[in-house]
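Reproduced below: structure_0.csv, with CSV, C-alpha atoms and all ligand atoms.
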chain,number,residue,atom,x,y,z
N,949,MET,CA,91.6,114.8,102.9
N,950,LYS,CA,94.3,113.8,105.4
N,951,HIS,CA,97.5,115.1,103.7
N,952,LEU,CA,98.5,117.0,100.6
N,953,LEU,CA,101.3,114.9,99.2
N,954,LYS,CA,100.6,115.2,95.5
N,955,LEU,CA,97.6,116.3,93.4
N,956,LEU,CA,97.4,112.7,92.0
N,957,ASP,CA,95.9,111.8,95.4
N,958,CYS,CA,93.2,114.6,95.3
N,959,SER,CA,89.8,114.4,93.8
N,960,THR,CA,88.4,117.2,91.6
N,961,ASP,CA,85.9,118.0,94.4
N,962,GLU,CA,88.7,118.3,97.0
N,963,ILE,CA,90.7,120.7,94.7
N,964,LYS,CA,87.6,122.7,94.1
N,965,GLN,CA,86.8,123.0,97.8
N,966,ILE,CA,90.3,124.3,98.5
N,967,LEU,CA,90.0,126.9,95.7
N,968,ASP,CA,86.7,128.0,97.0
N,969,LEU,CA,88.0,128.4,100.5
N,970,ALA,CA,91.1,130.2,99.3
N,971,ASP,CA,88.8,132.7,97.5
N,972,GLN,CA,86.8,133.2,100.7
N,973,LEU,CA,89.9,133.7,102.8
N,974,LYS,CA,91.3,136.2,100.3
N,975,TYR,CA,88.0,138.1,100.4
N,976,GLU,CA,88.0,138.2,104.2
N,977,LYS,CA,91.7,139.3,104.3
N,978,LYS,CA,91.0,142.1,101.9
N,979,HIS,CA,88.0,143.3,104.0
N,980,ASN,CA,89.9,142.9,107.3
N,981,ILE,CA,87.5,140.2,108.5
N,982,PRO,CA,89.5,138.1,111.0
N,983,HIS,CA,89.4,134.3,110.5
N,984,PRO,CA,91.2,132.6,113.5
N,985,LEU,CA,90.4,129.1,112.2
N,986,LEU,CA,93.6,127.6,113.5
N,987,ALA,CA,93.8,129.4,116.9
N,988,GLY,CA,96.3,127.6,119.1
N,989,LYS,CA,97.7,125.4,116.4
N,990,SER,CA,101.3,125.0,115.3
N,991,VAL,CA,102.7,124.1,111.9
N,992,GLY,CA,106.3,122.9,111.4
N,993,LEU,CA,108.0,124.1,108.2
N,994,ILE,CA,110.9,121.8,107.3
N,995,PHE,CA,113.1,123.2,104.5
N,996,GLN,CA,115.8,121.1,102.8
N,997,LYS,CA,115.9,123.6,99.9
N,998,SER,CA,115.7,127.4,99.7
N,999,SER,CA,112.4,129.3,99.6
N,1000,THR,CA,111.0,132.8,99.6
N,1001,ARG,CA,107.3,132.4,98.7
N,1002,THR,CA,106.5,129.1,100.3
N,1003,ARG,CA,108.2,130.0,103.6
N,1004,VAL,CA,106.7,133.4,103.9
N,1005,SER,CA,103.2,132.4,102.8
N,1006,PHE,CA,103.0,129.6,105.3
N,1007,GLU,CA,104.5,131.6,108.1
N,1008,THR,CA,102.2,134.6,107.7
N,1009,GLY,CA,99.3,132.4,106.7
N,1010,ILE,CA,99.2,130.4,109.9
N,1011,TYR,CA,99.7,133.6,111.9
N,1012,GLN,CA,96.7,135.2,110.2
N,1013,LEU,CA,94.7,132.0,111.1
N,1014,GLY,CA,95.6,132.4,114.8
N,1015,GLY,CA,98.3,129.8,114.9
N,1016,GLN,CA,102.0,129.8,114.9
N,1017,PRO,CA,104.8,128.6,112.5
N,1018,LEU,CA,108.0,126.9,113.4
N,1019,PHE,CA,110.6,127.3,110.7
N,1020,LEU,CA,112.7,124.2,110.8
N,1021,SER,CA,115.8,124.4,108.6
N,1022,ALA,CA,117.0,120.9,107.8
N,1023,ARG,CA,120.5,122.2,108.5
N,1024,ASP,CA,119.6,122.8,112.1
N,1025,LEU,CA,117.4,119.8,112.7
N,1026,GLN,CA,118.9,116.4,113.7
N,1027,ILE,CA,117.6,115.2,110.3
N,1028,GLY,CA,120.6,117.1,108.9
N,1029,ARG,CA,122.9,114.9,111.0
N,1030,GLY,CA,121.2,111.7,109.9
N,1031,GLU,CA,118.2,111.2,112.3
N,1032,PRO,CA,115.7,109.2,110.2
N,1033,VAL,CA,112.6,110.8,108.9
N,1034,GLN,CA,110.5,108.1,110.5
N,1035,ASP,CA,111.7,109.1,114.0
N,1036,THR,CA,111.5,112.8,113.3
N,1037,ALA,CA,107.9,112.3,112.1
N,1038,ARG,CA,106.9,110.4,115.2
N,1039,VAL,CA,108.4,113.0,117.5
N,1040,LEU,CA,107.0,116.1,115.7
N,1041,SER,CA,103.6,114.5,115.6
N,1042,ARG,CA,103.5,114.9,119.3
N,1043,TYR,CA,104.3,118.6,119.3
N,1044,LEU,CA,102.7,120.0,116.2
N,1045,ASP,CA,99.3,120.0,114.4
N,1046,GLY,CA,100.8,119.8,110.9
N,1047,ILE,CA,104.0,119.7,108.9
N,1048,MET,CA,104.9,121.3,105.7
N,1049,ILE,CA,108.1,119.9,104.1
N,1050,ARG,CA,110.2,121.0,101.1
N,1051,THR,CA,112.7,118.4,100.1
N,1052,TYR,CA,114.2,116.4,97.3
N,1053,ALA,CA,112.7,112.9,97.2
N,1054,GLN,CA,108.9,112.5,97.1
N,1055,LYS,CA,109.4,109.3,99.1
N,1056,GLU,CA,110.6,111.3,102.1
N,1057,VAL,CA,107.3,113.2,102.1
N,1058,GLU,CA,105.3,110.0,101.7
N,1059,ASP,CA,107.3,108.4,104.5
N,1060,LEU,CA,106.6,111.3,106.9
N,1061,ALA,CA,102.9,110.8,106.2
N,1062,LYS,CA,103.1,107.1,106.8
N,1063,MET,CA,105.0,107.4,110.1
N,1064,GLY,CA,103.5,110.5,111.6
N,1065,SER,CA,100.0,111.0,112.9
N,1066,ILE,CA,99.4,114.6,111.7
N,1067,PRO,CA,98.7,116.2,108.3
N,1068,ILE,CA,101.7,116.5,106.0
N,1069,ILE,CA,101.8,119.1,103.3
N,1070,ASN,CA,104.2,118.9,100.3
N,1071,GLY,CA,105.9,122.3,99.9
N,1072,LEU,CA,107.8,121.1,96.8
N,1073,THR,CA,109.8,117.9,96.0
N,1074,ASP,CA,111.7,117.0,92.8
N,1075,PHE,CA,108.5,115.3,91.7
N,1076,CYS,CA,105.8,117.9,92.3
N,1077,HIS,CA,104.7,121.3,93.7
N,1078,PRO,CA,101.0,120.9,94.6
N,1079,CYS,CA,100.7,124.0,96.8
N,1080,GLN,CA,102.0,126.2,93.9
N,1081,VAL,CA,99.6,124.7,91.4
N,1082,LEU,CA,96.6,125.3,93.8
N,1083,ALA,CA,97.5,129.0,93.8
N,1084,ASP,CA,97.9,128.9,90.0
N,1085,LEU,CA,94.5,127.3,89.5
N,1086,MET,CA,93.1,130.0,91.8
N,1087,THR,CA,94.7,132.8,89.8
N,1088,ILE,CA,93.5,131.4,86.5
N,1089,ARG,CA,89.9,131.0,87.8
N,1090,GLU,CA,90.0,134.6,89.1
N,1091,LYS,CA,90.8,135.9,85.6
N,1092,TYR,CA,88.5,133.7,83.6
N,1093,GLY,CA,85.8,132.9,86.1
N,1094,LYS,CA,86.1,129.2,85.2
N,1095,LEU,CA,88.7,126.5,84.6
N,1096,ALA,CA,87.1,123.8,82.5
N,1097,GLY,CA,87.6,124.2,78.8
N,1098,LEU,CA,90.5,126.7,78.9
N,1099,LYS,CA,93.7,125.8,77.2
N,1100,MET,CA,96.8,125.9,79.3
N,1101,CYS,CA,100.3,125.3,77.9
N,1102,TYR,CA,103.6,124.7,79.7
N,1103,ILE,CA,106.8,125.3,77.9
N,1104,GLY,CA,110.2,124.0,79.2
N,1105,ASP,CA,111.4,121.4,81.6
N,1106,GLY,CA,109.2,118.4,82.5
N,1107,ASN,CA,109.8,119.1,86.1
N,1108,ASN,CA,107.9,119.3,89.4
N,1109,MET,CA,105.9,122.3,88.1
N,1110,ALA,CA,105.0,120.5,84.8
N,1111,ASN,CA,104.0,117.4,86.7
N,1112,SER,CA,101.6,119.2,89.1
N,1113,LEU,CA,100.2,121.5,86.4
N,1114,ILE,CA,99.3,118.4,84.2
N,1115,VAL,CA,97.5,116.7,87.0
N,1116,GLY,CA,95.9,119.7,88.5
N,1117,GLY,CA,94.9,121.1,85.1
N,1118,LEU,CA,93.4,117.9,83.8
N,1119,LYS,CA,91.5,117.2,87.1
N,1120,MET,CA,89.9,120.6,86.8
N,1121,GLY,CA,88.9,120.1,83.2
N,1122,LEU,CA,91.5,122.3,81.4
N,1123,ASN,CA,93.1,121.3,78.1
N,1124,VAL,CA,96.8,120.8,78.9
N,1125,SER,CA,99.5,121.1,76.3
N,1126,ILE,CA,103.1,120.5,77.3
N,1127,ALA,CA,106.2,121.2,75.2
N,1128,THR,CA,109.5,119.8,76.5
N,1129,PRO,CA,112.6,118.5,74.8
N,1130,LYS,CA,112.4,114.7,74.3
N,1131,ASN,CA,114.9,114.0,77.1
N,1132,TYR,CA,113.2,116.3,79.6
N,1133,GLN,CA,109.6,115.0,79.6
N,1134,PRO,CA,107.4,114.9,82.7
N,1135,ALA,CA,107.5,112.0,85.1
N,1136,ALA,CA,106.3,108.6,83.8
N,1137,GLU,CA,103.7,108.3,86.5
N,1138,VAL,CA,102.2,111.6,85.5
N,1139,LEU,CA,102.2,110.7,81.8
N,1140,ALA,CA,100.5,107.4,82.6
N,1141,PHE,CA,97.7,109.4,84.3
N,1142,ALA,CA,97.6,112.1,81.5
N,1143,LYS,CA,97.6,109.8,78.5
N,1144,GLU,CA,94.2,108.4,79.5
N,1145,ASN,CA,92.8,111.9,79.1
N,1146,PRO,CA,91.8,113.3,75.7
N,1147,ASN,CA,92.5,116.9,76.9
N,1148,PHE,CA,96.2,116.1,77.2
N,1149,PHE,CA,98.8,116.9,74.5
N,1150,LEU,CA,102.6,116.4,74.7
N,1151,THR,CA,105.0,117.6,72.0
N,1152,ASP,CA,108.6,118.8,71.7
N,1153,ASP,CA,107.4,121.9,69.6
N,1154,PRO,CA,106.7,124.9,71.9
N,1155,PHE,CA,104.7,126.6,69.1
N,1156,GLU,CA,102.5,123.6,68.6
N,1157,ALA,CA,101.8,123.6,72.3
N,1158,ALA,CA,101.1,127.3,72.6
N,1159,VAL,CA,98.6,127.7,69.7
N,1160,ASP,CA,95.5,129.4,70.9
N,1161,ALA,CA,96.5,129.0,74.5
N,1162,ASP,CA,94.6,131.0,77.2
N,1163,ILE,CA,97.4,130.5,79.7
N,1164,VAL,CA,101.1,130.1,79.2
N,1165,PHE,CA,103.3,128.6,81.9
N,1166,THR,CA,107.0,128.2,82.2
N,1167,ASP,CA,109.6,127.6,84.9
N,1168,THR,CA,113.3,127.6,85.4
N,1169,TRP,CA,115.4,125.3,83.2
N,1170,ALA,CA,117.5,124.2,86.1
N,1171,SER,CA,115.6,123.4,89.3
N,1172,MET,CA,117.0,123.4,92.8
N,1173,GLY,CA,119.4,120.5,93.0
N,1174,GLN,CA,120.3,120.6,89.3
N,1175,GLU,CA,122.8,123.5,89.6
N,1176,SER,CA,125.6,121.4,88.1
N,1177,GLU,CA,123.5,120.7,84.9
N,1178,LYS,CA,122.9,124.4,84.2
N,1179,GLU,CA,125.1,124.7,81.1
N,1180,GLU,CA,123.9,121.6,79.3
N,1181,ARG,CA,120.3,122.6,80.2
N,1182,GLN,CA,120.7,126.0,78.7
N,1183,LYS,CA,121.6,124.3,75.4
N,1184,ALA,CA,118.8,121.8,75.6
N,1185,PHE,CA,116.2,124.4,76.3
N,1186,ALA,CA,117.4,127.1,74.0
N,1187,GLY,CA,114.3,126.9,71.8
N,1188,TYR,CA,111.9,126.8,74.7
N,1189,GLN,CA,111.7,130.5,75.7
N,1190,VAL,CA,108.5,132.3,76.3
N,1191,ASN,CA,109.0,135.4,74.1
N,1192,ASP,CA,107.1,137.6,71.7
N,1193,ALA,CA,107.3,135.0,68.9
N,1194,LEU,CA,105.7,132.4,71.1
N,1195,MET,CA,103.1,134.8,72.5
N,1196,ALA,CA,102.1,135.6,68.9
N,1197,VAL,CA,100.5,132.2,68.4
N,1198,THR,CA,98.5,132.2,71.7
N,1199,LYS,CA,95.1,133.8,72.2
N,1200,PRO,CA,95.6,137.6,72.0
N,1201,ASP,CA,94.8,138.2,75.7
N,1202,ALA,CA,96.6,135.1,77.0
N,1203,MET,CA,97.7,135.1,80.6
N,1204,VAL,CA,101.3,134.3,81.5
N,1205,GLN,CA,102.1,132.5,84.8
N,1206,HIS,CA,105.5,131.7,86.4
N,1207,CYS,CA,105.9,130.2,89.9
N,1208,LEU,CA,109.1,132.2,90.4
N,1209,PRO,CA,111.9,132.7,90.8
N,1210,ALA,CA,112.2,133.7,87.1
N,1211,TYR,CA,115.4,133.8,85.0
N,1212,ARG,CA,114.9,136.6,82.5
N,1213,GLY,CA,116.5,136.0,79.2
N,1214,GLN,CA,116.3,132.3,79.7
N,1215,GLU,CA,112.9,130.6,80.1
N,1216,ILE,CA,111.1,134.0,79.7
N,1217,THR,CA,112.1,137.3,78.2
N,1218,GLU,CA,112.2,140.5,80.3
N,1219,LYS,CA,109.6,142.0,78.0
N,1220,VAL,CA,107.0,139.2,78.3
N,1221,PHE,CA,107.7,138.9,82.0
N,1222,GLU,CA,107.1,142.6,82.6
N,1223,GLU,CA,104.1,142.8,80.4
N,1224,HIS,CA,102.5,140.1,82.5
N,1225,ALA,CA,104.0,141.1,85.9
N,1226,ASP,CA,100.6,141.9,87.4
N,1227,GLU,CA,99.3,138.4,86.7
N,1228,ILE,CA,102.5,136.8,87.9
N,1229,PHE,CA,102.6,138.7,91.2
N,1230,GLU,CA,98.9,138.0,91.8
N,1231,GLU,CA,99.8,134.4,91.4
N,1232,ALA,CA,102.6,134.8,94.0
N,1233,GLU,CA,100.1,136.6,96.3
N,1234,ASN,CA,97.7,133.7,95.9
N,1235,ARG,CA,100.2,131.4,97.4
N,1236,LEU,CA,99.2,133.0,100.7
N,1237,HIS,CA,95.5,132.5,100.3
N,1238,ALA,CA,95.8,129.0,98.8
N,1239,GLN,CA,98.2,127.8,101.6
N,1240,LYS,CA,95.9,129.1,104.2
N,1241,ALA,CA,93.1,127.1,102.6
N,1242,VAL,CA,95.2,124.0,102.6
N,1243,MET,CA,96.1,124.4,106.3
N,1244,VAL,CA,92.5,125.0,107.3
N,1245,THR,CA,91.3,122.0,105.3
N,1246,LEU,CA,93.9,119.7,106.8
N,1247,MET,CA,94.4,121.1,110.3
N,1248,GLY,CA,91.1,122.7,111.1
N,1249,ASN,CA,88.6,121.2,113.5
N,1250,LYS,CA,86.5,118.8,111.5
U,1301,LIG,N1,107.3,129.3,93.8
U,1301,LIG,C1,107.9,129.0,94.9
U,1301,LIG,O1,107.6,127.9,95.5
U,1301,LIG,O2,108.8,129.9,95.4
U,1301,LIG,P1,109.8,129.7,96.6
U,1301,LIG,O3,110.8,128.7,96.1
U,1301,LIG,O4,110.4,131.0,96.9
U,1301,LIG,O5,109.1,129.1,97.8
U,1302,LIG,N1,111.1,123.9,89.5
U,1302,LIG,C1,111.6,124.9,90.4
U,1302,LIG,C2,110.5,125.5,91.2
U,1302,LIG,C3,110.8,126.5,92.2
U,1302,LIG,C4,109.7,127.0,93.0
U,1302,LIG,C5,112.5,124.1,91.4
U,1302,LIG,O1,112.2,123.0,91.8
U,1302,LIG,O2,113.6,124.7,91.8
Re-express the file's structure as structure tokens.
Ligand code: CP
Ligand code: NVA
Amino acid sequence: MKHLLKLLDCSTDEIKQILDLADQLKYEKKHNIPHPLLAGKSVGLIFQKSSTRTRVSFETGIYQLGGQPLFLSARDLQIGRGEPVQDTARVLSRYLDGIMIRTYAQKEVEDLAKMGSIPIINGLTDFCHPCQVLADLMTIREKYGKLAGLKMCYIGDGNNMANSLIVGGLKMGLNVSIATPKNYQPAAEVLAFAKENPNFFLTDDPFEAAVDADIVFTDTWASMGQESEKEERQKAFAGYQVNDALMAVTKPDAMVQHCLPAYRGQEITEKVFEEHADEIFEEAENRLHAQKAVMVTLMGNK
């Protein structure tokens, strides 16, 4: 694996290897076993959008691996004043050992990978959020001891999270059911991939998607960059809340996952959120272990 641009590019084996390494790094961290696998290496973290988890998990993660992070806010980089990504990529490739970028257009991440000569990690675009979904798969596997055969549903916007969950879930053998309003379906490229797979189901009925689910996912109704659409989205997604009525049709001990930040009273009720807070914050913690595994896989000595 050279880059992590989107899960569509990753094989089942590659995903599994990252999850296995993430489990090992988590174990070592819990037992205070040092793992300086990236000693002397630097990762640049370019952010064109806000972040809590992604920034902090990458910064502390590389430090725990013996390397150093450089937080590069797009507001301060010359990118913010119009320096082309192609030039930035070629310059940063000469200083750094890897770049994580969070931005709007997927093309920008793909261009960085084409023009630079170091590993590029997608820290979220409008299209996908592969780092998050690796942590999600890790969290699910921790609870159930397996992935294949479980039923995962996603209720809400067919956004970056939905796109990555569909691809990651199907590649790891889960049954993936998605409920979105008709005008907010996942990306066409993802649906083209998923429709080949008998384990994929798409509906506009949240209850139909949630029946007998082992895992329930949701995400904000208005992602970063969609702030001006907040009101119309609240109307469109009104029936797509993860609440007690929805949880009543899932498996009795179903797990709830949310990439965070969560908007209580919108995509999820306070009650369901708090009842599943342990699982949701374990998922957030696993960003650290999963991101370390991604960096070691891409930036470690081969
Ligand atoms: N889930 C997630 O990516 O969180 P941040 O936006 O805080 O990084
Ligand atoms: N779909 C959300 C995820 C945040 C981690 C967004 O893009 O804002």
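When all atoms listed in the file are used to measure the gap to ligand LIG 1301 (chain U), the shortest distance among N:Asp957, N:Glu1175, N:Glu1223, N:Asp1084 belongs to N:Asp1084.
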*Rounded to one decimal place, report the CA of Arg1235 (chain N)-atom C3 of ligand LIG 1302 (chain U) distance in Å.*
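Answer for the CA of Arg1235 (chain N) to atom C3 of ligand LIG 1302 (chain U) separation: 12.8 Å.
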*Please identify all polymer residues lying at most 9 Å from the point (110.8, 131.3, 87.1) (file coordinates), using only C-alpha atoms, and present the result as a list in words.*
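Here the neighbourhood of the point contains Thr1166, Asp1167, Thr1168, Trp1169, His1206, Cys1207, Leu1208, Pro1209, Ala1210, Tyr1211, Arg1212, Glu1215 and Ile1216 of chain N.
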_As a quick test: using all atoms listed in the file, which residues lie no more than 10 Å away from ligand LIG 1302 (chain U)? Give them as number ranges by chain._
N: 997-1002, 1050-1052, 1071-1077, 1080, 1105-1110, 1166-1175, 1206-1210
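Within 6 Å of the point (113.2, 118.8, 106.9), counting all atoms listed in the file, the protein and nucleic acid residues come to Ile994, Phe995, Gln996, Ala1022 and Ile1049 of chain N.
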*So how many Å separate CA of Leu1082 (chain N) and CA of Gly1116 (chain N), to one decimal?*
7.7 Å
*Quick one: of N:Asp971, N:Asp961, N:Glu1156, N:Asp1162, who's nearest to Ala1241 (chain N), counting only C-alpha atoms?*
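Using only C-alpha atoms, Ala1241 (chain N) sits closest to N:Asp971.
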Atom completion result for region 1180-1191 of chain N (all heavy atoms) as a PDB file, in the frame of the given file:
ATOM      1  N   GLU N1180     124.454 122.471  80.342  1.00  0.00           N
ATOM      2  CA  GLU N1180     123.900 121.600  79.300  1.00  0.00           C
ATOM      3  C   GLU N1180     122.359 121.836  79.199  1.00  0.00           C
ATOM      4  O   GLU N1180     121.795 121.722  78.113  1.00  0.00           O
ATOM      5  CB  GLU N1180     124.133 120.091  79.664  1.00  0.00           C
ATOM      6  CG  GLU N1180     123.350 119.546  80.845  1.00  0.00           C
ATOM      7  CD  GLU N1180     123.697 118.094  81.181  1.00  0.00           C
ATOM      8  OE1 GLU N1180     124.733 117.874  81.819  1.00  0.00           O
ATOM      9  OE2 GLU N1180     122.901 117.208  80.803  1.00  0.00           O
ATOM     10  N   ARG N1181     121.721 122.250  80.279  1.00  0.00           N
ATOM     11  CA  ARG N1181     120.300 122.600  80.200  1.00  0.00           C
ATOM     12  C   ARG N1181     120.044 123.819  79.379  1.00  0.00           C
ATOM     13  O   ARG N1181     119.068 123.904  78.650  1.00  0.00           O
ATOM     14  CB  ARG N1181     119.715 122.701  81.617  1.00  0.00           C
ATOM     15  CG  ARG N1181     119.487 121.359  82.275  1.00  0.00           C
ATOM     16  CD  ARG N1181     119.059 121.456  83.708  1.00  0.00           C
ATOM     17  NE  ARG N1181     118.563 120.156  84.141  1.00  0.00           N
ATOM     18  CZ  ARG N1181     117.310 119.737  84.042  1.00  0.00           C
ATOM     19  NH1 ARG N1181     116.382 120.542  83.576  1.00  0.00           N
ATOM     20  NH2 ARG N1181     116.954 118.528  84.407  1.00  0.00           N
ATOM     21  N   GLN N1182     120.929 124.791  79.502  1.00  0.00           N
ATOM     22  CA  GLN N1182     120.700 126.000  78.700  1.00  0.00           C
ATOM     23  C   GLN N1182     120.759 125.682  77.216  1.00  0.00           C
ATOM     24  O   GLN N1182     120.000 126.257  76.439  1.00  0.00           O
ATOM     25  CB  GLN N1182     121.812 127.036  79.041  1.00  0.00           C
ATOM     26  CG  GLN N1182     121.487 127.686  80.377  1.00  0.00           C
ATOM     27  CD  GLN N1182     122.280 128.940  80.646  1.00  0.00           C
ATOM     28  OE1 GLN N1182     123.112 129.325  79.847  1.00  0.00           O
ATOM     29  NE2 GLN N1182     122.030 129.554  81.774  1.00  0.00           N
ATOM     30  N   LYS N1183     121.601 124.726  76.838  1.00  0.00           N
ATOM     31  CA  LYS N1183     121.600 124.300  75.400  1.00  0.00           C
ATOM     32  C   LYS N1183     120.369 123.562  75.057  1.00  0.00           C
ATOM     33  O   LYS N1183     119.727 123.841  74.051  1.00  0.00           O
ATOM     34  CB  LYS N1183     122.873 123.420  75.170  1.00  0.00           C
ATOM     35  CG  LYS N1183     124.152 124.220  75.052  1.00  0.00           C
ATOM     36  CD  LYS N1183     125.337 123.325  74.696  1.00  0.00           C
ATOM     37  CE  LYS N1183     126.607 123.934  75.281  1.00  0.00           C
ATOM     38  NZ  LYS N1183     127.488 122.990  75.919  1.00  0.00           N
ATOM     39  N   ALA N1184     119.991 122.625  75.903  1.00  0.00           N
ATOM     40  CA  ALA N1184     118.800 121.800  75.600  1.00  0.00           C
ATOM     41  C   ALA N1184     117.534 122.564  75.478  1.00  0.00           C
ATOM     42  O   ALA N1184     116.644 122.223  74.700  1.00  0.00           O
ATOM     43  CB  ALA N1184     118.694 120.681  76.636  1.00  0.00           C
ATOM     44  N   PHE N1185     117.436 123.652  76.260  1.00  0.00           N
ATOM     45  CA  PHE N1185     116.200 124.400  76.300  1.00  0.00           C
ATOM     46  C   PHE N1185     116.184 125.686  75.499  1.00  0.00           C
ATOM     47  O   PHE N1185     115.234 126.477  75.583  1.00  0.00           O
ATOM     48  CB  PHE N1185     115.825 124.732  77.781  1.00  0.00           C
ATOM     49  CG  PHE N1185     115.442 123.522  78.591  1.00  0.00           C
ATOM     50  CD1 PHE N1185     116.325 122.955  79.486  1.00  0.00           C
ATOM     51  CD2 PHE N1185     114.187 122.943  78.437  1.00  0.00           C
ATOM     52  CE1 PHE N1185     115.973 121.826  80.225  1.00  0.00           C
ATOM     53  CE2 PHE N1185     113.829 121.816  79.161  1.00  0.00           C
ATOM     54  CZ  PHE N1185     114.732 121.257  80.060  1.00  0.00           C
ATOM     55  N   ALA N1186     117.242 125.859  74.703  1.00  0.00           N
ATOM     56  CA  ALA N1186     117.400 127.100  74.000  1.00  0.00           C
ATOM     57  C   ALA N1186     116.154 127.539  73.198  1.00  0.00           C
ATOM     58  O   ALA N1186     115.802 128.710  73.147  1.00  0.00           O
ATOM     59  CB  ALA N1186     118.616 127.081  73.090  1.00  0.00           C
ATOM     60  N   GLY N1187     115.457 126.607  72.603  1.00  0.00           N
ATOM     61  CA  GLY N1187     114.300 126.900  71.800  1.00  0.00           C
ATOM     62  C   GLY N1187     112.988 127.031  72.585  1.00  0.00           C
ATOM     63  O   GLY N1187     111.906 127.183  72.007  1.00  0.00           O
ATOM     64  N   TYR N1188     113.103 126.926  73.900  1.00  0.00           N
ATOM     65  CA  TYR N1188     111.900 126.800  74.700  1.00  0.00           C
ATOM     66  C   TYR N1188     111.640 128.060  75.579  1.00  0.00           C
ATOM     67  O   TYR N1188     111.280 127.984  76.736  1.00  0.00           O
ATOM     68  CB  TYR N1188     111.990 125.563  75.623  1.00  0.00           C
ATOM     69  CG  TYR N1188     111.896 124.290  74.818  1.00  0.00           C
ATOM     70  CD1 TYR N1188     112.996 123.814  74.111  1.00  0.00           C
ATOM     71  CD2 TYR N1188     110.699 123.587  74.723  1.00  0.00           C
ATOM     72  CE1 TYR N1188     112.910 122.662  73.341  1.00  0.00           C
ATOM     73  CE2 TYR N1188     110.598 122.434  73.953  1.00  0.00           C
ATOM     74  CZ  TYR N1188     111.718 121.976  73.270  1.00  0.00           C
ATOM     75  OH  TYR N1188     111.620 120.849  72.497  1.00  0.00           O
ATOM     76  N   GLN N1189     111.863 129.209  74.953  1.00  0.00           N
ATOM     77  CA  GLN N1189     111.700 130.500  75.700  1.00  0.00           C
ATOM     78  C   GLN N1189     110.301 131.037  75.448  1.00  0.00           C
ATOM     79  O   GLN N1189     109.798 131.015  74.317  1.00  0.00           O
ATOM     80  CB  GLN N1189     112.750 131.459  75.203  1.00  0.00           C
ATOM     81  CG  GLN N1189     112.775 132.735  76.013  1.00  0.00           C
ATOM     82  CD  GLN N1189     113.778 133.726  75.445  1.00  0.00           C
ATOM     83  OE1 GLN N1189     113.656 134.174  74.304  1.00  0.00           O
ATOM     84  NE2 GLN N1189     114.784 134.058  76.241  1.00  0.00           N
ATOM     85  N   VAL N1190     109.718 131.577  76.498  1.00  0.00           N
ATOM     86  CA  VAL N1190     108.500 132.300  76.300  1.00  0.00           C
ATOM     87  C   VAL N1190     108.827 133.746  75.933  1.00  0.00           C
ATOM     88  O   VAL N1190     109.354 134.516  76.740  1.00  0.00           O
ATOM     89  CB  VAL N1190     107.612 132.269  77.631  1.00  0.00           C
ATOM     90  CG1 VAL N1190     106.374 133.146  77.488  1.00  0.00           C
ATOM     91  CG2 VAL N1190     107.209 130.828  77.939  1.00  0.00           C
ATOM     92  N   ASN N1191     108.601 134.050  74.671  1.00  0.00           N
ATOM     93  CA  ASN N1191     109.000 135.400  74.100  1.00  0.00           C
ATOM     94  C   ASN N1191     107.886 135.866  73.194  1.00  0.00           C
ATOM     95  O   ASN N1191     106.826 135.237  73.082  1.00  0.00           O
ATOM     96  CB  ASN N1191     110.346 135.225  73.377  1.00  0.00           C
ATOM     97  CG  ASN N1191     110.309 134.096  72.344  1.00  0.00           C
ATOM     98  OD1 ASN N1191     109.247 133.768  71.808  1.00  0.00           O
ATOM     99  ND2 ASN N1191     111.458 133.495  72.072  1.00  0.00           N
TER     100      ASN N1191
END
